[in-house]
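Pasted below: query07.txt, compact mmCIF, C-alpha atoms.
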```txt
# COMPACT_ATOMS: atom_id res chain seq x y z
CA MET X 27 -11.78 -9.03 13.75
CA ASP X 28 -13.48 -11.85 11.91
CA PRO X 29 -11.44 -13.74 9.33
CA VAL X 30 -12.00 -12.70 5.71
CA TYR X 31 -11.69 -15.49 3.15
CA LEU X 32 -11.52 -15.56 -0.61
CA GLU X 33 -15.29 -16.00 -0.86
CA ASP X 34 -15.83 -12.85 1.22
CA LEU X 35 -14.06 -10.64 -1.33
CA SER X 36 -16.06 -9.33 -4.26
CA VAL X 37 -15.05 -7.36 -7.33
CA GLY X 38 -15.68 -3.66 -6.86
CA ARG X 39 -15.27 -3.67 -3.08
CA GLU X 40 -13.54 -0.46 -2.00
CA VAL X 41 -11.56 -0.07 1.20
CA ALA X 42 -9.81 2.96 2.68
CA THR X 43 -7.11 2.44 5.29
CA ALA X 44 -6.38 4.37 8.42
CA LYS X 45 -4.23 7.47 7.96
CA ARG X 46 -0.65 8.06 9.11
CA THR X 47 1.49 11.18 9.15
CA LEU X 48 4.96 10.79 7.66
CA THR X 49 7.66 12.21 9.94
CA GLU X 50 11.26 13.34 9.62
CA ALA X 51 12.14 10.46 11.96
CA ASP X 52 10.47 7.96 9.58
CA ILE X 53 12.63 9.19 6.71
CA ALA X 54 15.83 9.09 8.78
CA ALA X 55 15.05 5.60 10.08
CA PHE X 56 14.31 4.32 6.57
CA ALA X 57 17.58 5.81 5.27
CA ASP X 58 19.43 3.99 8.07
CA LEU X 59 17.56 0.74 7.42
CA SER X 60 17.86 0.78 3.63
CA GLY X 61 21.23 2.49 3.28
CA ASP X 62 19.64 4.98 0.87
CA PHE X 63 21.11 8.33 1.85
CA ASN X 64 20.40 10.00 -1.48
CA PRO X 65 20.36 13.79 -1.01
CA LEU X 66 16.73 13.86 -2.19
CA HIS X 67 15.91 12.36 1.21
CA THR X 68 18.64 13.80 3.39
CA ASP X 69 19.75 17.24 2.19
CA GLU X 70 17.21 20.06 2.25
CA GLY X 71 19.60 22.55 0.60
CA PHE X 72 20.47 20.20 -2.24
CA VAL X 73 16.80 19.51 -2.94
CA LYS X 74 15.82 23.18 -3.00
CA GLU X 75 18.78 24.11 -5.21
CA HIS X 76 18.72 21.22 -7.69
CA THR X 77 15.15 19.90 -7.92
CA PRO X 78 11.61 21.19 -8.40
CA TYR X 79 10.61 19.84 -4.95
CA ARG X 80 9.85 22.24 -2.09
CA GLY X 81 12.02 20.24 0.31
CA ARG X 82 13.32 16.79 1.18
CA ILE X 83 11.07 13.98 0.01
CA ALA X 84 10.33 10.59 1.50
CA HIS X 85 11.67 7.47 -0.15
CA GLY X 86 9.06 6.00 -2.49
CA LEU X 87 9.66 2.58 -0.96
CA LEU X 88 9.05 4.01 2.51
CA VAL X 89 5.66 5.34 1.43
CA LEU X 90 4.87 1.99 -0.19
CA ALA X 91 5.83 0.08 2.97
CA MET X 92 3.91 2.42 5.25
CA SER X 93 0.79 2.33 3.10
CA SER X 94 0.93 -1.46 2.91
CA GLY X 95 0.84 -1.69 6.70
CA LEU X 96 -1.97 0.76 7.42
CA GLN X 97 -4.94 -0.76 9.21
CA SER X 98 -8.15 -1.39 7.30
CA GLU X 99 -11.15 -3.67 7.19
CA LEU X 100 -8.98 -6.02 5.09
CA ASP X 101 -6.73 -6.78 8.09
CA GLY X 102 -8.71 -9.98 8.63
CA VAL X 103 -7.92 -11.32 5.14
CA GLN X 104 -6.53 -14.83 5.47
CA SER X 105 -3.52 -14.02 3.34
CA VAL X 106 -1.18 -16.85 2.38
CA ALA X 107 1.30 -14.74 0.39
CA TYR X 108 1.89 -11.40 -1.25
CA LEU X 109 2.37 -12.38 -4.91
CA GLU X 110 3.00 -9.06 -6.59
CA GLU X 111 3.20 -5.37 -5.93
CA ARG X 112 3.47 -2.76 -8.70
CA ARG X 113 3.67 0.98 -8.09
CA GLU X 114 4.04 4.15 -10.05
CA PHE X 115 5.53 6.94 -7.95
CA VAL X 116 3.33 9.79 -9.18
CA ALA X 117 4.10 12.62 -6.76
CA PRO X 118 6.47 13.20 -3.85
CA ALA X 119 5.60 12.72 -0.19
CA TYR X 120 6.99 15.23 2.28
CA PRO X 121 7.52 15.12 6.03
CA GLY X 122 4.21 16.17 7.56
CA ASP X 123 2.09 14.60 4.82
CA THR X 124 -0.68 12.31 6.05
CA ILE X 125 -1.05 9.29 3.81
CA GLN X 126 -3.84 6.79 3.27
CA ALA X 127 -4.20 3.84 0.90
CA ARG X 128 -7.39 3.16 -1.04
CA TRP X 129 -7.91 -0.31 -2.47
CA THR X 130 -10.44 -1.60 -4.98
CA VAL X 131 -10.85 -5.34 -5.58
CA ASP X 132 -10.44 -5.90 -9.33
CA GLU X 133 -10.37 -9.70 -9.60
CA VAL X 134 -11.07 -12.70 -7.39
CA ARG X 135 -10.41 -16.19 -8.73
CA PRO X 136 -9.50 -19.64 -7.47
CA SER X 137 -5.81 -20.49 -7.74
CA ARG X 138 -4.98 -22.86 -10.58
CA SER X 139 -1.92 -24.24 -8.77
CA ARG X 140 -2.80 -24.14 -5.05
CA PRO X 141 -6.07 -25.83 -4.09
CA GLY X 142 -7.84 -24.14 -1.20
CA THR X 143 -6.59 -20.69 -2.16
CA GLY X 144 -7.36 -17.95 -4.62
CA VAL X 145 -5.77 -14.94 -6.24
CA VAL X 146 -7.06 -11.46 -5.46
CA SER X 147 -5.96 -8.44 -7.51
CA LEU X 148 -6.48 -4.97 -6.09
CA SER X 149 -5.95 -1.50 -7.52
CA VAL X 150 -4.30 0.77 -4.99
CA ALA X 151 -3.91 4.51 -4.73
CA VAL X 152 -1.89 6.15 -1.97
CA VAL X 153 -3.09 9.69 -1.34
CA ASN X 154 -2.04 12.55 0.89
CA GLN X 155 -4.18 14.78 3.09
CA ASP X 156 -5.23 16.84 0.05
CA GLY X 157 -6.39 13.77 -1.90
CA GLU X 158 -3.38 14.04 -4.25
CA VAL X 159 -2.33 10.64 -5.58
CA LEU X 160 1.26 9.92 -4.56
CA GLN X 161 1.42 6.33 -5.77
CA ARG X 162 -0.85 4.05 -7.76
CA GLY X 163 -0.60 0.46 -8.80
CA THR X 164 -1.70 -3.09 -8.22
CA ASP X 165 -1.34 -5.58 -5.38
CA VAL X 166 -1.89 -9.32 -5.91
CA TRP X 167 -2.53 -11.56 -2.90
CA LEU X 168 -2.87 -15.31 -2.47
CA VAL X 169 -5.80 -15.76 -0.06
CA ALA X 170 -7.11 -18.84 1.72
CA ALA X 171 -10.52 -20.13 0.69
CA ARG X 172 -13.08 -20.70 3.42
CA PRO X 173 -12.55 -24.03 5.18
CA ASP X 174 -15.41 -26.51 4.93
CA GLY X 175 -18.31 -25.17 6.90
CA PRO X 176 -21.22 -22.78 6.65
CA PRO X 177 -20.86 -19.75 4.40
CA SER X 178 -20.21 -16.35 5.94
CA PRO X 179 -23.09 -13.89 6.37
CA GLU X 180 -21.45 -11.67 3.71
CA THR X 181 -21.58 -14.38 1.05
CA GLY X 182 -24.84 -16.02 2.12
```
Before we go any further, please render this structure as structure tokens.
Amino acid sequence: MDPVYLEDLSVGREVATAKRTLTEADIAAFADLSGDFNPLHTDEGFVKEHTPYRGRIAHGLLVLAMSSGLQSELDGVQSVAYLEERREFVAPAYPGDTIQARWTVDEVRPSRSRPGTGVVSLSVAVVNQDGEVLQRGTDVWLVAARPDGPPSPETG
């Protein structure tokens, strides 16, 4: 995959990631990793008796982490740092749901404090197989500017 620099990213660009199905094993592994054994994630009977959910739900942070790692045409972005990540957890994700992230570039600007880099803000929506929005928010990345040399074919 060719490197993608700050200059290659334009406002309005939309990208959909690959899809991934959330499994029971994913939820159990995340509970072990995070130490979050809340019954919402671990106890089917509790959830059905005490909540409006149809069954155990995935951790919101698990869905966020999974969606952040899904492959897309932005994998080549020459990222220097993840500056910010904001999410609203809009709807639950269940084992068996297939998730996908959809990003839209909202802002691209040179960094005021780090020469040779820029700040890219993206709107993100994480959806399930039915197109239902599970999470929405904003990601902000610090991205390397193109090193001296000819411009990319995308930017002319």
The residues within 10 Å of (-3.3, 6.0, 8.9), using all atoms listed in the file and the coordinates of the file, should be reported as a list in words; which are they?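 These residues have at least one counted atom within 10 Å: Ala42, Thr43, Ala44, Lys45, Arg46, Thr47, Leu48, Met92, Ser93, Gly95, Leu96, Gln97, Ser98, Thr124, Ile125, Gln126 and Ala127 of chain X.
For the atom pair formed by atom CA of Arg112 of chain X and atom CA of Asp165 of chain X, the distance is 6.5 Å, given to one decimal.
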Quick one: pull the distance between atom CA of Ser36 of chain X and atom CA of Val153 of chain X, Å, one decimal.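 Those two atoms sit 23.2 Å apart.
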Suppose you want the space between atom CA of Glu110 of chain X and atom CA of Glu50 of chain X; what is it in Å?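 Answer for the atom CA of Glu110 of chain X to atom CA of Glu50 of chain X separation: 28.9 Å.
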Pick from X:Asp58, X:Asp101, X:Asp156, X:Glu75, whichever lies nearest to Pro29 of chain X using only C-alpha atoms: X:Asp101
Set the distance at 12 Å and use only C-alpha atoms: which residues neighbour Asp69 of chain X once local chain neighbours fewer than 2 positions away are removed? I'd like the list as a ChimeraX atom specification. /X:50,53-54,63-67,71-77,79-84
Could you write those residues out with C-alpha atoms, as a PDB file, in the frame of the given file?
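again.pdb, written as the output of this step:
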```pdb
ATOM      1  CA  GLU X  50      11.260  13.340   9.620  1.00  0.00           C
ATOM      2  CA  ILE X  53      12.630   9.190   6.710  1.00  0.00           C
ATOM      3  CA  ALA X  54      15.830   9.090   8.780  1.00  0.00           C
ATOM      4  CA  PHE X  63      21.110   8.330   1.850  1.00  0.00           C
ATOM      5  CA  ASN X  64      20.400  10.000  -1.480  1.00  0.00           C
ATOM      6  CA  PRO X  65      20.360  13.790  -1.010  1.00  0.00           C
ATOM      7  CA  LEU X  66      16.730  13.860  -2.190  1.00  0.00           C
ATOM      8  CA  HIS X  67      15.910  12.360   1.210  1.00  0.00           C
ATOM      9  CA  GLY X  71      19.600  22.550   0.600  1.00  0.00           C
ATOM     10  CA  PHE X  72      20.470  20.200  -2.240  1.00  0.00           C
ATOM     11  CA  VAL X  73      16.800  19.510  -2.940  1.00  0.00           C
ATOM     12  CA  LYS X  74      15.820  23.180  -3.000  1.00  0.00           C
ATOM     13  CA  GLU X  75      18.780  24.110  -5.210  1.00  0.00           C
ATOM     14  CA  HIS X  76      18.720  21.220  -7.690  1.00  0.00           C
ATOM     15  CA  THR X  77      15.150  19.900  -7.920  1.00  0.00           C
ATOM     16  CA  TYR X  79      10.610  19.840  -4.950  1.00  0.00           C
ATOM     17  CA  ARG X  80       9.850  22.240  -2.090  1.00  0.00           C
ATOM     18  CA  GLY X  81      12.020  20.240   0.310  1.00  0.00           C
ATOM     19  CA  ARG X  82      13.320  16.790   1.180  1.00  0.00           C
ATOM     20  CA  ILE X  83      11.070  13.980   0.010  1.00  0.00           C
ATOM     21  CA  ALA X  84      10.330  10.590   1.500  1.00  0.00           C
TER      22      ALA X  84
END
```
With distances taken over only C-alpha atoms, which of X:Thr68, X:Thr49, X:Gln161, X:Ser94 is nearest to Pro118 of chain X? X:Gln161
Using only C-alpha atoms, the best pick from X:Glu99, X:Glu40, X:Asp52, X:Glu114 as closest to Val131 of chain X would be X:Glu40
So which one's closest to Ala107 of chain X, X:Leu59, X:Leu160, X:Ala170, X:Ala151? Using all atoms listed in the file, please.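 For Ala107 of chain X, the nearest of the given residues is X:Ala170.
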If you count all atoms listed in the file, the residue of X:Glu158, X:Glu111, X:Asp132, X:Asp174 closest to Gly38 of chain X turns out to be X:Asp132
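Of the listed residues X:Met27, X:Val145, X:Val150, X:Ala55, the one whose atoms come nearest to Ala171 of chain X is X:Val145, with distances taken using only C-alpha atoms.
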Output segment 103-124 of chain X as an mmCIF file, in the coordinates of the input, making sure N, CA, C and O atoms are there.
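Once written, out-v1.cif looks like this:
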```
data_model
loop_
_atom_site.group_PDB
_atom_site.id
_atom_site.type_symbol
_atom_site.label_atom_id
_atom_site.label_comp_id
_atom_site.auth_asym_id
_atom_site.auth_seq_id
_atom_site.Cartn_x
_atom_site.Cartn_y
_atom_site.Cartn_z
ATOM 1 N N VAL X 103 -8.089 -10.445 6.307
ATOM 2 C CA VAL X 103 -7.920 -11.320 5.140
ATOM 3 C C VAL X 103 -6.948 -12.430 5.480
ATOM 4 O O VAL X 103 -5.859 -12.185 6.015
ATOM 5 N N GLN X 104 -7.345 -13.649 5.178
ATOM 6 C CA GLN X 104 -6.530 -14.830 5.470
ATOM 7 C C GLN X 104 -5.492 -14.995 4.355
ATOM 8 O O GLN X 104 -5.551 -15.905 3.526
ATOM 9 N N SER X 105 -4.543 -14.087 4.373
ATOM 10 C CA SER X 105 -3.520 -14.020 3.340
ATOM 11 C C SER X 105 -2.515 -15.156 3.503
ATOM 12 O O SER X 105 -2.049 -15.429 4.604
ATOM 13 N N VAL X 106 -2.185 -15.795 2.397
ATOM 14 C CA VAL X 106 -1.180 -16.850 2.380
ATOM 15 C C VAL X 106 0.153 -16.271 1.899
ATOM 16 O O VAL X 106 1.212 -16.631 2.394
ATOM 17 N N ALA X 107 0.083 -15.342 0.942
ATOM 18 C CA ALA X 107 1.300 -14.740 0.390
ATOM 19 C C ALA X 107 0.954 -13.460 -0.351
ATOM 20 O O ALA X 107 -0.150 -13.289 -0.859
ATOM 21 N N TYR X 108 1.925 -12.591 -0.387
ATOM 22 C CA TYR X 108 1.890 -11.400 -1.250
ATOM 23 C C TYR X 108 2.546 -11.840 -2.540
ATOM 24 O O TYR X 108 3.732 -12.166 -2.557
ATOM 25 N N LEU X 109 1.824 -11.868 -3.666
ATOM 26 C CA LEU X 109 2.370 -12.380 -4.910
ATOM 27 C C LEU X 109 3.027 -11.301 -5.772
ATOM 28 O O LEU X 109 3.983 -11.582 -6.497
ATOM 29 N N GLU X 110 2.481 -10.104 -5.701
ATOM 30 C CA GLU X 110 3.000 -9.060 -6.590
ATOM 31 C C GLU X 110 2.604 -7.699 -6.035
ATOM 32 O O GLU X 110 1.550 -7.541 -5.414
ATOM 33 N N GLU X 111 3.473 -6.744 -6.309
ATOM 34 C CA GLU X 111 3.200 -5.370 -5.930
ATOM 35 C C GLU X 111 3.814 -4.477 -6.998
ATOM 36 O O GLU X 111 5.009 -4.549 -7.246
ATOM 37 N N ARG X 112 2.984 -3.691 -7.671
ATOM 38 C CA ARG X 112 3.470 -2.760 -8.700
ATOM 39 C C ARG X 112 3.056 -1.353 -8.294
ATOM 40 O O ARG X 112 1.924 -1.142 -7.876
ATOM 41 N N ARG X 113 3.988 -0.405 -8.430
ATOM 42 C CA ARG X 113 3.670 0.980 -8.090
ATOM 43 C C ARG X 113 4.272 1.937 -9.097
ATOM 44 O O ARG X 113 5.378 1.734 -9.577
ATOM 45 N N GLU X 114 3.537 2.972 -9.368
ATOM 46 C CA GLU X 114 4.040 4.150 -10.050
ATOM 47 C C GLU X 114 4.169 5.220 -8.958
ATOM 48 O O GLU X 114 3.221 5.437 -8.197
ATOM 49 N N PHE X 115 5.328 5.857 -8.900
ATOM 50 C CA PHE X 115 5.530 6.940 -7.950
ATOM 51 C C PHE X 115 5.154 8.232 -8.672
ATOM 52 O O PHE X 115 5.922 8.768 -9.456
ATOM 53 N N VAL X 116 3.948 8.715 -8.416
ATOM 54 C CA VAL X 116 3.330 9.790 -9.180
ATOM 55 C C VAL X 116 3.718 11.174 -8.668
ATOM 56 O O VAL X 116 3.927 12.091 -9.450
ATOM 57 N N ALA X 117 3.792 11.328 -7.361
ATOM 58 C CA ALA X 117 4.100 12.620 -6.760
ATOM 59 C C ALA X 117 4.884 12.385 -5.472
ATOM 60 O O ALA X 117 4.775 11.325 -4.858
ATOM 61 N N PRO X 118 5.657 13.376 -5.047
ATOM 62 C CA PRO X 118 6.470 13.200 -3.850
ATOM 63 C C PRO X 118 5.646 13.277 -2.565
ATOM 64 O O PRO X 118 4.605 13.936 -2.518
ATOM 65 N N ALA X 119 6.155 12.608 -1.539
ATOM 66 C CA ALA X 119 5.600 12.720 -0.190
ATOM 67 C C ALA X 119 6.627 13.463 0.655
ATOM 68 O O ALA X 119 7.825 13.181 0.581
ATOM 69 N N TYR X 120 6.135 14.391 1.454
ATOM 70 C CA TYR X 120 6.990 15.230 2.280
ATOM 71 C C TYR X 120 6.765 14.935 3.756
ATOM 72 O O TYR X 120 5.665 14.503 4.136
ATOM 73 N N PRO X 121 7.763 15.210 4.592
ATOM 74 C CA PRO X 121 7.520 15.120 6.030
ATOM 75 C C PRO X 121 6.312 15.999 6.382
ATOM 76 O O PRO X 121 6.178 17.112 5.871
ATOM 77 N N GLY X 122 5.433 15.457 7.193
ATOM 78 C CA GLY X 122 4.210 16.170 7.560
ATOM 79 C C GLY X 122 2.999 15.765 6.745
ATOM 80 O O GLY X 122 1.868 16.046 7.142
ATOM 81 N N ASP X 123 3.220 15.093 5.602
ATOM 82 C CA ASP X 123 2.090 14.600 4.820
ATOM 83 C C ASP X 123 1.408 13.459 5.574
ATOM 84 O O ASP X 123 2.067 12.629 6.207
ATOM 85 N N THR X 124 0.100 13.408 5.478
ATOM 86 C CA THR X 124 -0.680 12.310 6.050
ATOM 87 C C THR X 124 -1.140 11.445 4.891
ATOM 88 O O THR X 124 -1.819 11.939 3.984
#
```
